[in-house]
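Chemist: What follows is protein28.cif, made up of mmCIF, C-alpha atoms:
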data_structure
loop_
_atom_site.label_atom_id
_atom_site.label_comp_id
_atom_site.auth_asym_id
_atom_site.auth_seq_id
_atom_site.Cartn_x
_atom_site.Cartn_y
_atom_site.Cartn_z
CA VAL K 26 33.44 0.98 -23.90
CA MET K 27 34.14 -2.22 -25.86
CA ALA K 28 37.91 -1.74 -25.40
CA ALA K 29 37.44 -1.18 -21.68
CA ARG K 30 35.39 -4.36 -21.33
CA PHE K 31 38.02 -6.36 -23.23
CA LEU K 32 40.84 -5.02 -20.99
CA LEU K 33 38.78 -5.86 -17.94
CA ARG K 34 38.33 -9.47 -18.91
CA ARG K 35 42.04 -9.90 -19.52
CA ALA K 36 43.32 -8.57 -16.20
CA VAL K 37 40.59 -8.56 -13.65
CA PRO K 38 42.25 -8.12 -10.21
CA ALA K 39 44.91 -5.59 -11.16
CA LEU K 40 42.67 -3.38 -13.26
CA ARG K 41 39.77 -3.20 -10.79
CA HIS K 42 40.40 0.47 -10.20
CA ALA K 43 40.29 1.14 -13.94
CA ARG K 44 36.57 0.33 -13.81
CA CYS K 45 35.96 3.88 -12.68
CA TYR K 46 35.36 5.14 -16.19
CA ALA K 47 32.94 2.36 -16.97
CA ASP K 48 30.54 3.45 -14.26
CA ALA K 49 30.37 7.11 -15.26
CA PRO K 50 26.71 7.79 -14.60
CA ALA K 51 26.08 10.10 -17.52
CA ALA K 52 26.79 7.37 -20.04
CA GLN K 53 24.17 5.00 -18.71
CA MET K 54 20.49 5.59 -18.23
CA SER K 55 18.73 3.83 -15.36
CA PHE K 56 15.23 3.42 -16.75
CA THR K 57 12.26 2.42 -14.63
CA PHE K 58 8.92 2.01 -16.39
CA ALA K 59 5.97 0.83 -14.32
CA SER K 60 2.22 0.97 -13.95
CA PRO K 61 0.47 0.40 -10.60
CA THR K 62 0.03 -3.27 -11.40
CA GLN K 63 2.99 -4.17 -13.56
CA VAL K 64 6.67 -3.39 -13.87
CA PHE K 65 8.06 -3.28 -17.42
CA PHE K 66 11.58 -2.03 -16.82
CA LYS K 67 13.35 -1.69 -13.53
CA GLU K 68 16.58 0.34 -13.46
CA ALA K 69 17.38 -1.05 -16.88
CA SER K 70 19.93 0.37 -19.22
CA VAL K 71 18.41 1.44 -22.53
CA LYS K 72 19.53 3.62 -25.39
CA GLN K 73 16.54 5.89 -25.95
CA ILE K 74 12.93 6.36 -24.98
CA ASP K 75 10.28 8.27 -26.92
CA VAL K 76 7.48 9.62 -24.76
CA PRO K 77 4.25 11.48 -25.64
CA THR K 78 3.74 14.41 -23.28
CA LEU K 79 1.25 17.23 -22.95
CA THR K 80 3.79 19.61 -24.47
CA GLY K 81 4.69 17.28 -27.33
CA ALA K 82 6.54 14.04 -27.97
CA PHE K 83 10.25 13.91 -27.29
CA GLY K 84 13.02 11.39 -27.03
CA ILE K 85 15.13 10.86 -23.94
CA LEU K 86 18.76 9.78 -24.26
CA PRO K 87 21.34 9.31 -21.49
CA ALA K 88 22.51 12.63 -20.07
CA HIS K 89 19.27 14.33 -21.07
CA VAL K 90 18.66 17.58 -19.25
CA PRO K 91 16.61 16.98 -16.06
CA THR K 92 12.90 17.59 -16.54
CA LEU K 93 9.44 16.65 -15.34
CA GLN K 94 6.65 15.98 -17.77
CA VAL K 95 3.09 14.72 -17.73
CA LEU K 96 2.08 12.07 -20.26
CA ARG K 97 -0.82 12.14 -22.69
CA PRO K 98 -2.39 9.04 -24.28
CA GLY K 99 0.04 7.75 -26.85
CA ILE K 100 2.86 5.38 -27.62
CA VAL K 101 6.03 4.99 -25.63
CA THR K 102 8.86 3.45 -27.66
CA VAL K 103 11.80 1.96 -25.81
CA PHE K 104 15.00 1.43 -27.81
CA GLY K 105 17.14 -1.17 -26.06
CA ASP K 106 20.92 -1.31 -26.00
CA ASP K 107 20.89 -4.02 -28.66
CA GLY K 108 18.91 -1.89 -31.12
CA SER K 109 15.55 -3.57 -30.66
CA SER K 110 12.53 -1.44 -29.93
CA THR K 111 9.33 -2.21 -28.05
CA LYS K 112 6.18 -0.12 -28.09
CA TYR K 113 3.69 0.40 -25.30
CA PHE K 114 0.48 2.35 -25.18
CA VAL K 115 0.11 4.57 -22.11
CA SER K 116 -3.02 6.32 -20.96
CA SER K 117 -1.50 9.01 -18.73
CA GLY K 118 1.15 9.43 -16.12
CA SER K 119 4.39 11.24 -15.49
CA VAL K 120 8.00 11.07 -16.55
CA THR K 121 10.96 12.29 -14.51
CA VAL K 122 14.49 12.72 -15.80
CA ASN K 123 16.92 13.32 -12.96
CA ALA K 124 20.38 14.82 -12.97
CA ASP K 125 22.05 11.43 -12.56
CA SER K 126 20.45 10.22 -15.79
CA SER K 127 17.84 8.08 -14.09
CA VAL K 128 14.44 8.13 -15.74
CA GLN K 129 11.20 7.17 -14.01
CA LEU K 130 8.26 6.64 -16.33
CA LEU K 131 5.12 6.05 -14.30
CA ALA K 132 2.01 5.31 -16.31
CA GLU K 133 -1.47 5.04 -14.93
CA GLU K 134 -2.23 2.29 -17.42
CA ALA K 135 0.24 0.81 -19.86
CA VAL K 136 -0.08 -2.12 -22.22
CA PRO K 137 2.22 -3.55 -24.89
CA LEU K 138 0.95 -2.39 -28.27
CA ASP K 139 0.28 -5.87 -29.62
CA SER K 140 -2.31 -6.57 -26.95
CA LEU K 141 -4.61 -3.86 -28.37
CA ASP K 142 -7.21 -4.62 -31.04
CA LEU K 143 -7.77 -2.12 -33.87
CA ALA K 144 -11.40 -3.02 -34.52
CA THR K 145 -12.43 -2.63 -30.89
CA ALA K 146 -10.53 0.65 -30.69
CA LYS K 147 -12.34 2.01 -33.75
CA ALA K 148 -15.70 0.95 -32.34
CA ASN K 149 -14.92 2.65 -29.03
CA LEU K 150 -13.83 5.80 -30.84
CA GLU K 151 -17.09 6.00 -32.78
CA LYS K 152 -19.10 5.47 -29.62
CA ALA K 153 -17.17 8.18 -27.79
CA GLN K 154 -17.56 10.64 -30.66
CA SER K 155 -21.30 10.06 -30.81
CA GLU K 156 -21.52 10.59 -27.04
CA LEU K 157 -19.70 13.88 -27.43
CA VAL K 158 -22.56 15.27 -29.52
CA GLY K 159 -25.21 14.54 -26.93
CA VAL K 160 -23.53 15.53 -23.66
CA SER K 161 -23.95 18.93 -22.04
CA ASP K 162 -22.69 18.72 -18.44
CA GLU K 163 -19.12 20.07 -17.99
CA ALA K 164 -17.68 17.16 -16.11
CA ALA K 165 -19.29 14.54 -18.33
CA ARG K 166 -18.13 16.47 -21.38
CA ALA K 167 -14.54 16.43 -20.11
CA GLU K 168 -14.78 12.70 -19.53
CA VAL K 169 -16.05 12.05 -23.04
CA LEU K 170 -13.36 14.31 -24.51
CA ILE K 171 -10.70 12.31 -22.69
CA SER K 172 -12.22 9.10 -23.99
CA VAL K 173 -12.21 10.45 -27.55
CA GLU K 174 -8.59 11.56 -27.27
CA ALA K 175 -7.45 8.24 -25.84
CA ASN K 176 -9.29 6.20 -28.47
CA GLU K 177 -8.00 8.41 -31.27
CA ALA K 178 -4.47 7.86 -30.03
CA ILE K 179 -4.99 4.10 -29.86
CA VAL K 180 -6.37 3.98 -33.40
CA LYS K 181 -3.53 6.14 -34.69
CA ALA K 182 -0.99 3.96 -32.92
CA LEU K 183 -2.34 0.76 -34.36
CA GLU K 184 -2.59 1.92 -37.94
CA MET Q 2 -7.71 -20.74 35.55
CA PHE Q 3 -11.21 -19.79 34.51
CA ALA Q 4 -10.41 -16.15 35.12
CA ARG Q 5 -7.43 -16.23 32.79
CA THR Q 6 -8.23 -14.52 29.50
CA SER Q 7 -6.57 -14.90 26.16
CA ALA Q 8 -6.92 -13.27 22.78
CA ALA Q 9 -9.30 -15.99 21.62
CA VAL Q 10 -11.87 -15.73 24.37
CA GLN Q 11 -11.86 -12.10 25.42
CA PHE Q 12 -14.71 -11.19 23.14
CA TYR Q 13 -16.88 -14.21 24.05
CA ASP Q 14 -18.47 -13.54 27.45
CA VAL Q 15 -19.46 -17.04 28.52
CA SER Q 16 -17.42 -16.73 31.70
CA ASP Q 17 -19.84 -14.16 33.09
CA HIS Q 18 -22.09 -16.72 34.71
CA CYS Q 19 -19.38 -19.33 35.24
CA LEU Q 20 -17.98 -19.74 38.76
CA CYS Q 21 -14.46 -18.49 39.26
CA PHE Q 22 -13.30 -21.40 41.34
CA PHE Q 23 -13.20 -25.15 40.81
CA CYS Q 24 -16.81 -26.24 40.38
CA PHE Q 25 -18.32 -29.70 40.38
CA PHE Q 26 -21.18 -28.97 37.95
CA LEU Q 27 -20.47 -30.56 34.60
CA SER Q 28 -22.66 -28.45 32.37
CA PRO Q 29 -20.74 -25.13 32.58
CA VAL Q 30 -17.53 -26.94 31.74
CA THR Q 31 -19.15 -28.72 28.81
CA LEU Q 32 -20.64 -25.49 27.59
CA ARG Q 33 -17.31 -23.69 27.83
CA LEU Q 34 -15.51 -26.52 26.08
CA LYS Q 35 -17.96 -26.45 23.19
CA SER Q 36 -17.77 -22.69 22.80
CA ILE Q 37 -13.97 -22.61 22.85
CA LYS Q 38 -13.82 -25.39 20.29
CA ASN Q 39 -16.05 -23.29 18.02
CA ILE Q 40 -13.85 -20.27 18.54
CA GLN Q 41 -10.82 -22.29 17.62
CA LYS Q 42 -12.47 -23.34 14.37
CA ILE Q 43 -13.27 -19.72 13.57
CA THR Q 44 -9.76 -18.45 14.29
CA LYS Q 45 -8.24 -21.26 12.24
CA SER Q 46 -10.39 -20.42 9.25
CA MET Q 47 -9.66 -16.70 9.65
CA LYS Q 48 -5.98 -17.55 9.60
CA MET Q 49 -6.34 -19.45 6.33
CA VAL Q 50 -8.37 -16.68 4.72
CA SER Q 51 -5.73 -14.15 5.79
CA ALA Q 52 -2.97 -16.38 4.44
CA ALA Q 53 -4.65 -16.47 1.03
CA LYS Q 54 -5.20 -12.70 1.00
CA TYR Q 55 -1.65 -12.13 2.19
CA SER Q 56 -0.06 -14.14 -0.63
CA ARG Q 57 -2.13 -12.23 -3.18
CA ALA Q 58 -1.25 -8.89 -1.60
CA GLU Q 59 2.43 -9.72 -1.44
CA ARG Q 60 2.55 -10.59 -5.12
CA SER Q 61 1.01 -7.29 -6.17
CA LEU Q 62 3.21 -5.45 -3.66
CA LYS Q 63 6.30 -6.30 -5.71
CA SER Q 64 5.26 -4.13 -8.64
CA ALA Q 65 3.58 -1.55 -6.41
CA ARG Q 66 6.88 -1.07 -4.57
CA VAL Q 67 8.81 -0.31 -7.76
CA TYR Q 68 6.04 2.11 -8.71
CA GLY Q 69 5.90 3.80 -5.32
CA THR Q 70 9.64 4.20 -4.81
CA SER Q 71 9.99 5.61 -8.34
CA ALA Q 72 7.26 8.13 -7.57
CA MET Q 73 9.25 9.38 -4.61
CA ALA Q 74 12.54 9.36 -6.50
CA LEU Q 75 12.17 12.98 -7.58
CA TYR Q 76 11.77 14.22 -4.02
CA GLU Q 77 14.76 12.26 -2.86
CA LYS Q 78 17.06 13.09 -5.75
CA ALA Q 79 16.22 16.75 -5.81
CA GLU Q 80 16.43 16.72 -2.00
CA ILE Q 81 13.30 18.72 -1.63
CA LYS Q 82 12.80 19.89 1.90
CA ALA Q 83 9.96 21.94 3.17
CA PRO Q 84 10.94 25.30 4.66
CA GLU Q 85 10.76 25.35 8.43
CA ASP Q 86 8.40 28.26 8.77
CA LYS Q 87 5.48 26.71 6.91
CA ASN Q 88 2.50 26.11 9.14
CA LYS Q 89 -0.08 23.87 7.60
CA HIS Q 90 0.47 20.17 7.84
CA VAL Q 91 -1.56 17.19 6.77
CA ILE Q 92 -1.12 13.64 8.00
CA ILE Q 93 -2.57 10.73 6.07
CA GLY Q 94 -2.92 7.67 8.30
CA VAL Q 95 -3.37 4.43 6.39
CA SER Q 96 -5.10 1.58 8.13
CA SER Q 97 -8.31 -0.35 7.57
CA ASP Q 98 -11.81 -1.11 8.86
CA ARG Q 99 -11.31 -4.50 10.40
CA GLY Q 100 -9.66 -5.53 13.63
CA LEU Q 101 -8.16 -8.73 14.99
CA CYS Q 102 -4.84 -7.92 13.37
CA GLY Q 103 -2.54 -7.24 16.27
CA ALA Q 104 -1.08 -3.78 16.73
CA ILE Q 105 -1.64 -2.52 13.16
CA HIS Q 106 -4.14 0.23 13.91
CA SER Q 107 -2.76 1.22 17.29
CA SER Q 108 0.79 1.67 16.00
CA VAL Q 109 -0.36 4.05 13.25
CA ALA Q 110 -2.56 5.93 15.73
CA LYS Q 111 0.33 6.20 18.17
CA ALA Q 112 2.63 7.59 15.48
CA ILE Q 113 -0.05 10.11 14.46
CA LYS Q 114 -0.61 11.22 18.06
CA SER Q 115 3.08 11.79 18.70
CA GLU Q 116 3.42 13.66 15.41
CA ILE Q 117 0.49 15.92 16.30
CA ALA Q 118 1.94 16.59 19.74
CA LYS Q 119 5.27 17.52 18.19
CA LEU Q 120 3.79 19.79 15.54
CA SER Q 121 1.24 21.47 17.81
CA GLY Q 122 4.01 22.12 20.28
CA ALA Q 123 5.88 23.95 17.53
CA GLY Q 124 2.77 26.00 16.76
CA LYS Q 125 1.80 24.38 13.47
CA GLU Q 126 -1.67 23.52 12.28
CA VAL Q 127 -2.29 19.83 11.61
CA MET Q 128 -5.17 18.02 9.95
CA ILE Q 129 -5.60 14.28 9.61
CA VAL Q 130 -6.95 12.13 6.82
CA ASN Q 131 -8.11 8.74 8.14
CA VAL Q 132 -8.02 5.91 5.68
CA GLY Q 133 -9.89 3.22 7.56
CA ASP Q 134 -12.61 3.27 10.17
CA LYS Q 135 -10.49 1.82 12.96
CA LEU Q 136 -8.22 4.85 12.91
CA ARG Q 137 -11.21 7.13 13.24
CA GLY Q 138 -12.34 5.18 16.29
CA LEU Q 139 -8.92 5.51 17.89
CA LEU Q 140 -8.47 9.20 17.15
CA TYR Q 141 -11.81 10.96 17.23
CA ARG Q 142 -12.14 11.17 20.98
CA THR Q 143 -8.84 12.88 21.73
CA HIS Q 144 -7.98 14.48 18.39
CA GLY Q 145 -11.41 14.87 16.85
CA LYS Q 146 -10.90 18.49 15.89
CA HIS Q 147 -7.89 17.59 13.77
CA ILE Q 148 -9.76 15.12 11.57
CA LEU Q 149 -10.35 16.37 8.04
CA ILE Q 150 -11.50 13.32 6.07
CA ASN Q 151 -12.59 9.80 7.03
CA CYS Q 152 -12.56 6.89 4.62
CA LYS Q 153 -14.63 3.77 5.14
CA GLU Q 154 -14.92 0.42 3.36
CA VAL Q 155 -11.15 0.03 3.34
CA GLY Q 156 -9.64 -3.41 3.62
CA ARG Q 157 -12.44 -5.56 2.33
CA LYS Q 158 -11.02 -5.68 -1.19
CA PRO Q 159 -7.42 -5.13 -2.31
CA PRO Q 160 -6.73 -1.42 -2.83
CA THR Q 161 -6.64 -0.17 -6.41
CA PHE Q 162 -5.18 2.90 -8.03
CA THR Q 163 -8.72 4.24 -8.37
CA ASP Q 164 -9.22 4.12 -4.58
CA ALA Q 165 -6.02 6.08 -4.08
CA SER Q 166 -7.08 8.66 -6.64
CA VAL Q 167 -10.46 9.10 -4.93
CA ILE Q 168 -8.70 9.82 -1.63
CA ALA Q 169 -6.27 12.24 -3.29
CA THR Q 170 -9.12 14.05 -5.03
CA GLU Q 171 -11.00 14.42 -1.74
CA LEU Q 172 -7.91 15.84 -0.07
CA LEU Q 173 -7.21 18.29 -2.85
CA ASP Q 174 -10.87 19.35 -3.06
CA SER Q 175 -11.25 19.74 0.69
CA GLY Q 176 -10.03 23.29 0.56
CA TYR Q 177 -7.32 22.72 3.13
CA GLU Q 178 -4.21 24.29 1.60
CA PHE Q 179 -1.48 22.29 3.22
CA ASP Q 180 2.18 23.20 2.77
CA GLN Q 181 3.62 19.84 3.57
CA GLY Q 182 2.60 16.60 5.15
CA SER Q 183 3.38 12.98 5.66
CA ILE Q 184 1.77 9.65 5.11
CA ILE Q 185 1.99 7.17 7.99
CA TYR Q 186 1.58 3.54 7.05
CA ASN Q 187 2.82 0.09 8.03
CA ARG Q 188 5.69 -0.93 5.83
CA PHE Q 189 5.81 -4.64 5.16
CA ARG Q 190 9.14 -6.26 6.08
CA SER Q 191 8.37 -9.96 6.29
CA VAL Q 192 5.60 -12.38 7.21
CA ILE Q 193 6.24 -11.89 10.88
CA SER Q 194 7.32 -8.27 10.95
CA TYR Q 195 6.19 -4.86 9.77
CA LYS Q 196 7.27 -1.38 10.76
CA THR Q 197 5.30 1.85 11.01
CA ASP Q 198 6.91 4.21 8.55
CA GLU Q 199 6.47 7.80 7.48
CA LYS Q 200 6.99 9.29 4.05
CA PRO Q 201 6.87 13.01 3.26
CA LEU Q 202 4.34 14.79 1.06
CA PHE Q 203 4.97 18.18 -0.46
CA SER Q 204 2.67 20.83 -1.79
CA ILE Q 205 3.03 22.41 -5.21
CA ASP Q 206 4.46 25.65 -3.83
CA THR Q 207 7.09 23.87 -1.75
CA VAL Q 208 8.29 21.89 -4.75
CA ALA Q 209 8.24 24.89 -7.08
CA SER Q 210 10.25 27.06 -4.76
CA SER Q 211 12.75 24.41 -3.76
CA GLU Q 212 16.30 25.35 -4.76
CA ASN Q 213 17.17 22.18 -6.66
CA MET Q 214 14.17 22.49 -8.95
CA GLY Q 215 16.09 25.02 -11.03
CA ILE Q 216 18.01 22.25 -12.76
CA TYR Q 217 14.79 20.75 -14.07
CA ASP Q 218 14.15 22.17 -17.47
CA ASP Q 219 11.00 23.47 -19.06
CA ILE Q 220 8.50 23.25 -16.23
CA ASP Q 221 5.45 25.44 -16.12
CA ALA Q 222 2.88 25.71 -13.35
CA ASP Q 223 0.31 23.52 -15.08
CA VAL Q 224 2.69 20.65 -15.69
CA LEU Q 225 3.96 20.86 -12.12
CA ARG Q 226 0.46 20.79 -10.70
CA ASN Q 227 -0.50 17.75 -12.75
CA TYR Q 228 2.73 16.06 -11.82
CA GLN Q 229 2.21 16.76 -8.11
CA GLU Q 230 -1.36 15.49 -8.13
CA PHE Q 231 -0.28 12.31 -9.86
CA ALA Q 232 2.60 11.87 -7.41
CA LEU Q 233 0.20 12.29 -4.49
CA VAL Q 234 -2.01 9.49 -5.78
CA ASN Q 235 1.05 7.30 -6.31
CA ILE Q 236 2.28 7.77 -2.77
CA ILE Q 237 -1.15 7.06 -1.30
CA TYR Q 238 -1.44 3.95 -3.47
CA PHE Q 239 1.97 2.76 -2.30
CA GLY Q 240 1.06 3.33 1.36
CA MET Q 241 -2.22 1.45 0.97
CA LYS Q 242 -0.59 -1.53 -0.75
CA GLU Q 243 2.10 -1.84 1.93
CA SER Q 244 -0.51 -1.45 4.66
CA THR Q 245 -2.78 -4.23 3.41
CA THR Q 246 0.09 -6.65 3.10
CA SER Q 247 1.25 -5.87 6.64
CA GLU Q 248 -2.31 -6.13 7.93
CA GLN Q 249 -2.96 -9.53 6.38
CA SER Q 250 0.30 -10.96 7.66
CA ALA Q 251 -0.37 -9.54 11.15
CA ARG Q 252 -3.88 -11.00 11.14
CA MET Q 253 -2.45 -14.36 10.14
CA THR Q 254 -0.04 -14.24 13.07
CA ALA Q 255 -2.71 -13.04 15.50
CA MET Q 256 -5.20 -15.73 14.51
CA ASP Q 257 -2.49 -18.35 14.71
CA GLY Q 258 -1.69 -17.25 18.25
CA ALA Q 259 -5.38 -17.24 19.13
CA SER Q 260 -5.85 -20.79 17.84
CA LYS Q 261 -2.86 -21.95 19.87
CA ASN Q 262 -4.22 -20.28 23.01
CA ALA Q 263 -7.60 -21.86 22.37
CA SER Q 264 -6.12 -25.36 22.07
CA GLU Q 265 -4.21 -24.82 25.34
CA ILE Q 266 -7.42 -23.90 27.10
CA ILE Q 267 -9.23 -26.83 25.50
CA GLU Q 268 -6.59 -29.23 26.84
CA LYS Q 269 -6.86 -27.86 30.34
CA LEU Q 270 -10.67 -27.85 30.29
CA THR Q 271 -10.76 -31.41 28.97
CA MET Q 272 -8.56 -32.48 31.87
CA THR Q 273 -10.87 -30.73 34.31
CA PHE Q 274 -13.91 -32.28 32.70
CA ASN Q 275 -12.50 -35.79 32.87
CA ARG Q 276 -11.29 -35.39 36.43
CA THR Q 277 -14.68 -34.07 37.51
CA ARG Q 278 -16.46 -36.85 35.71
CA GLN Q 279 -14.27 -39.50 37.34
CA ALA Q 280 -14.65 -37.89 40.77
CA VAL Q 281 -18.44 -37.96 40.50
CA ILE Q 282 -18.46 -41.59 39.40
CA THR Q 283 -16.09 -42.57 42.20
CA LYS Q 284 -18.25 -40.76 44.75
CA GLU Q 285 -21.38 -42.56 43.57
CA LEU Q 286 -19.57 -45.93 43.66
CA ILE Q 287 -18.36 -45.29 47.20
CA GLU Q 288 -21.90 -44.41 48.28
CA ILE Q 289 -23.32 -47.55 46.70
CA ILE Q 290 -20.62 -49.78 48.16
CA SER Q 291 -20.84 -48.29 51.62
CA GLY Q 292 -24.63 -48.52 51.45
CA ALA Q 293 -24.44 -52.17 50.43
CA ALA Q 294 -21.87 -52.86 53.12
CA ALA Q 295 -24.15 -51.39 55.74
CA LEU Q 296 -26.85 -53.97 54.99
#
For the file at hand, write its structure as C-alpha cells.

Modeler:
Amino acid sequence: VMAARFLLRRAVPALRHARCYADAPAAQMSFTFASPTQVFFKEASVKQIDVPTLTGAFGILPAHVPTLQVLRPGIVTVFGDDGSSTKYFVSSGSVTVNADSSVQLLAEEAVPLDSLDLATAKANLEKAQSELVGVSDEAARAEVLISVEANEAIVKALE
Amino acid sequence: MFARTSAAVQFYDVSDHCLCFFCFFLSPVTLRLKSIKNIQKITKSMKMVSAAKYSRAERSLKSARVYGTSAMALYEKAEIKAPEDKNKHVIIGVSSDRGLCGAIHSSVAKAIKSEIAKLSGAGKEVMIVNVGDKLRGLLYRTHGKHILINCKEVGRKPPTFTDASVIATELLDSGYEFDQGSIIYNRFRSVISYKTDEKPLFSIDTVASSENMGIYDDIDADVLRNYQEFALVNIIYFGMKESTTSEQSARMTAMDGASKNASEIIEKLTMTFNRTRQAVITKELIEIISGAAAL
C-alpha cells in the first residue's frame, strides 16, 4: 500500500487507472459507530474493533465474515489505522458486519470511557445488588438484573 | 374584499356579523383591524418559536440520520425483499398532534390511503399505527377499521429513543403478526422543502428466510429477534426525527405566510378606515357649510 501511494504521487494523471488496487474493498473497513444522539465514527477506516456481544467478545478486522450480533454492556475498543486505541462503554445495541467489509455499530447509549466515574459506578452497583434481594415481580426483577449487569461491567471496565 | 379569506383569518370568525359590502360604520372596521393585528402578532411569535425548535431539531437530525441509515444498511446490503405472497402488512404513519404546519399531516395521510387502496386491491391485510393525533383524525372516518394503535402527545417535545422504543414495544405486543410493512414519514430536505418518504420494515421470518442471509455467519433465532426489535426501534426513531424537523420548518413557512397575508389585509383595512373616516368628516363639513350658507 505504501509503495502504491508513493507511485501515485509521482505520476498522478497517467497512473489514475492503477488506483484500482488501492480501492479493493476487502482491505478497508468502513466503520460507522453511532448512538441515537451522537456519532463517533462515520464510514471511517480503522484497523480493528473489539465488541462485547451476547455470545462473547470478539474482534472485527477488515474482511471479517459477515455477521449480525447484539451487544451486551461492556467496552468497545477501536484500534485506529495509526495504532492508537480509544475505548467506549456501550449499554446495548447491535453490530452488523456486511460482505463489503462495512461495519455498523449502533449502540443505544455509548460514552467514552473517561467520562465515567468509578466511585459512582460502585455506589450504583451496590444499590442495584441490594434492590435485587428485595424484588419479587418478574419484570422488576429483570430490570434490576439488567442494572446489576450494566453496573458490574462499568466497574470492571474502569478498574 | 371582506369575504376574501386567508390562512391567518380562517379560524377567527369575526366576519360573521360584518357586512359583506362596503360599509360606512367605523366600529366593525376598527374591530376587524384590531383582531387581525393581534393575529399577526400571534403568527409572528409562532414563527419564531418554530424557528428555534427547527434549529434544535436540525442539529440532532445530523447524528440521527447517520444512526438511522446505518440501521437500514443491513436490509439494503443484503437486499432483503419480502416474498410477494405474504399477506399481513403494517403501516406506521409518523406525524404529530399539532396543526398549522402546512400539508405535513395530509401528505402522510394521502400516502397511507393510496397504500391501503393498493394493498387491499391485491387482497392483503393492512393495519395502521398512527403516531400523532392529527393522523388519527384524518384516517379514522374512512379507514377506521384498519387502525391498530394510536399515539398521542407527539410533537410537544423532541422525540427520544425511549419514545420510539415505547411505540415499537406496543406494536410487537399488539399481537398482530405482520410479515412486512413500511414506515411513512416526511423526510427533511431543506428549510423550505420536505418529501413524504417510505421505508420498508421486515418481520423476523422474512429476514431469516431471505436468501442473502446465508452469508451472515453464526446467527441464531434469539440473536436475530433481538437484532430485529432493535432495528425496528431505530427505524421508528429515524422517522420521528425526520418528521419533527420537517414539521417545524413547514410551520415556520406557514406562519410566515400567514403573517404576510395578515399585513396585506391590515394595509387594505387601514386604507378603508382612513377613507371612511375622511368621507364622514367631509360629509359633516359640507352639511355645516351648506347649513351656514342657507342662513

Chemist: Enumerate as a VMD selection string the residues belonging to chain Q that approach chain K to within 9 Å, with all atoms listed in the file taken into account.

Modeler: chain Q and resid 61 to 69 71 to 72 74 to 75 78 to 79 161 to 162 216 to 220 224 to 225 227 to 228 231 to 232 235 238 to 239

Chemist: I need the residues from that last selection saved to file as a tab-separated table (two decimals), in the frame of the given file (with C-alpha atoms), if you can.

Modeler:
chain	number	residue	atom	x	y	z
Q	61	SER	CA	1.01	-7.29	-6.17
Q	62	LEU	CA	3.21	-5.45	-3.66
Q	63	LYS	CA	6.30	-6.30	-5.71
Q	64	SER	CA	5.26	-4.13	-8.64
Q	65	ALA	CA	3.58	-1.55	-6.41
Q	66	ARG	CA	6.88	-1.07	-4.57
Q	67	VAL	CA	8.81	-0.31	-7.76
Q	68	TYR	CA	6.04	2.11	-8.71
Q	69	GLY	CA	5.90	3.80	-5.32
Q	71	SER	CA	9.99	5.61	-8.34
Q	72	ALA	CA	7.26	8.13	-7.57
Q	74	ALA	CA	12.54	9.36	-6.50
Q	75	LEU	CA	12.17	12.98	-7.58
Q	78	LYS	CA	17.06	13.09	-5.75
Q	79	ALA	CA	16.22	16.75	-5.81
Q	161	THR	CA	-6.64	-0.17	-6.41
Q	162	PHE	CA	-5.18	2.90	-8.03
Q	216	ILE	CA	18.01	22.25	-12.76
Q	217	TYR	CA	14.79	20.75	-14.07
Q	218	ASP	CA	14.15	22.17	-17.47
Q	219	ASP	CA	11.00	23.47	-19.06
Q	220	ILE	CA	8.50	23.25	-16.23
Q	224	VAL	CA	2.69	20.65	-15.69
Q	225	LEU	CA	3.96	20.86	-12.12
Q	227	ASN	CA	-0.50	17.75	-12.75
Q	228	TYR	CA	2.73	16.06	-11.82
Q	231	PHE	CA	-0.28	12.31	-9.86
Q	232	ALA	CA	2.60	11.87	-7.41
Q	235	ASN	CA	1.05	7.30	-6.31
Q	238	TYR	CA	-1.44	3.95	-3.47
Q	239	PHE	CA	1.97	2.76	-2.30

Chemist: For the PyMOL selection byres ((chain Q and resi 180) around 8), applied here, can you spell out every residue it catches as number ranges by chain?

Modeler: Q: 83, 87-90, 178-179, 181-182, 203-204, 206-207

Chemist: Neighbouring residues of Pro160 in chain Q were defined as those with any atom within 9 Å, considering only C-alpha atoms; residues of the same chain fewer than 2 positions away were excluded. Please report them as a compact mmCIF listing (two decimals) with C-alpha atoms, keeping the file's coordinate frame.

Modeler:
# COMPACT_ATOMS: atom_id res chain seq x y z
CA VAL Q 155 -11.15 0.03 3.34
CA GLY Q 156 -9.64 -3.41 3.62
CA ARG Q 157 -12.44 -5.56 2.33
CA LYS Q 158 -11.02 -5.68 -1.19
CA PHE Q 162 -5.18 2.90 -8.03
CA THR Q 163 -8.72 4.24 -8.37
CA ASP Q 164 -9.22 4.12 -4.58
CA ALA Q 165 -6.02 6.08 -4.08
CA TYR Q 238 -1.44 3.95 -3.47
CA MET Q 241 -2.22 1.45 0.97
CA LYS Q 242 -0.59 -1.53 -0.75
CA THR Q 245 -2.78 -4.23 3.41

Chemist: With only C-alpha atoms as the counted atoms, please give the residues lying no more than 9 Å from Thr271 in chain Q, apart from itself and same-chain residues fewer than 3 positions off, as a list in words.

Modeler: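 Surrounding residues, per the criterion: Val30, Thr31, Leu34, Ile266, Ile267, Glu268, Phe274, Asn275 and Arg276 of chain Q.
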
Chemist: For the PyMOL selection byres ((chain K and resi 151) around 12), applied here, can you spell out every residue it catches as a JSON list (two decimals) with C-alpha atoms, in the frame of the given file?

Modeler:
[["chain", "number", "residue", "atom", "x", "y", "z"],
["K", 144, "ALA", "CA", -11.40, -3.02, -34.52],
["K", 145, "THR", "CA", -12.43, -2.63, -30.89],
["K", 146, "ALA", "CA", -10.53, 0.65, -30.69],
["K", 147, "LYS", "CA", -12.34, 2.01, -33.75],
["K", 148, "ALA", "CA", -15.70, 0.95, -32.34],
["K", 149, "ASN", "CA", -14.92, 2.65, -29.03],
["K", 150, "LEU", "CA", -13.83, 5.80, -30.84],
["K", 152, "LYS", "CA", -19.10, 5.47, -29.62],
["K", 153, "ALA", "CA", -17.17, 8.18, -27.79],
["K", 154, "GLN", "CA", -17.56, 10.64, -30.66],
["K", 155, "SER", "CA", -21.30, 10.06, -30.81],
["K", 156, "GLU", "CA", -21.52, 10.59, -27.04],
["K", 157, "LEU", "CA", -19.70, 13.88, -27.43],
["K", 158, "VAL", "CA", -22.56, 15.27, -29.52],
["K", 169, "VAL", "CA", -16.05, 12.05, -23.04],
["K", 172, "SER", "CA", -12.22, 9.10, -23.99],
["K", 173, "VAL", "CA", -12.21, 10.45, -27.55],
["K", 174, "GLU", "CA", -8.59, 11.56, -27.27],
["K", 176, "ASN", "CA", -9.29, 6.20, -28.47],
["K", 177, "GLU", "CA", -8.00, 8.41, -31.27],
["K", 180, "VAL", "CA", -6.37, 3.98, -33.40]]
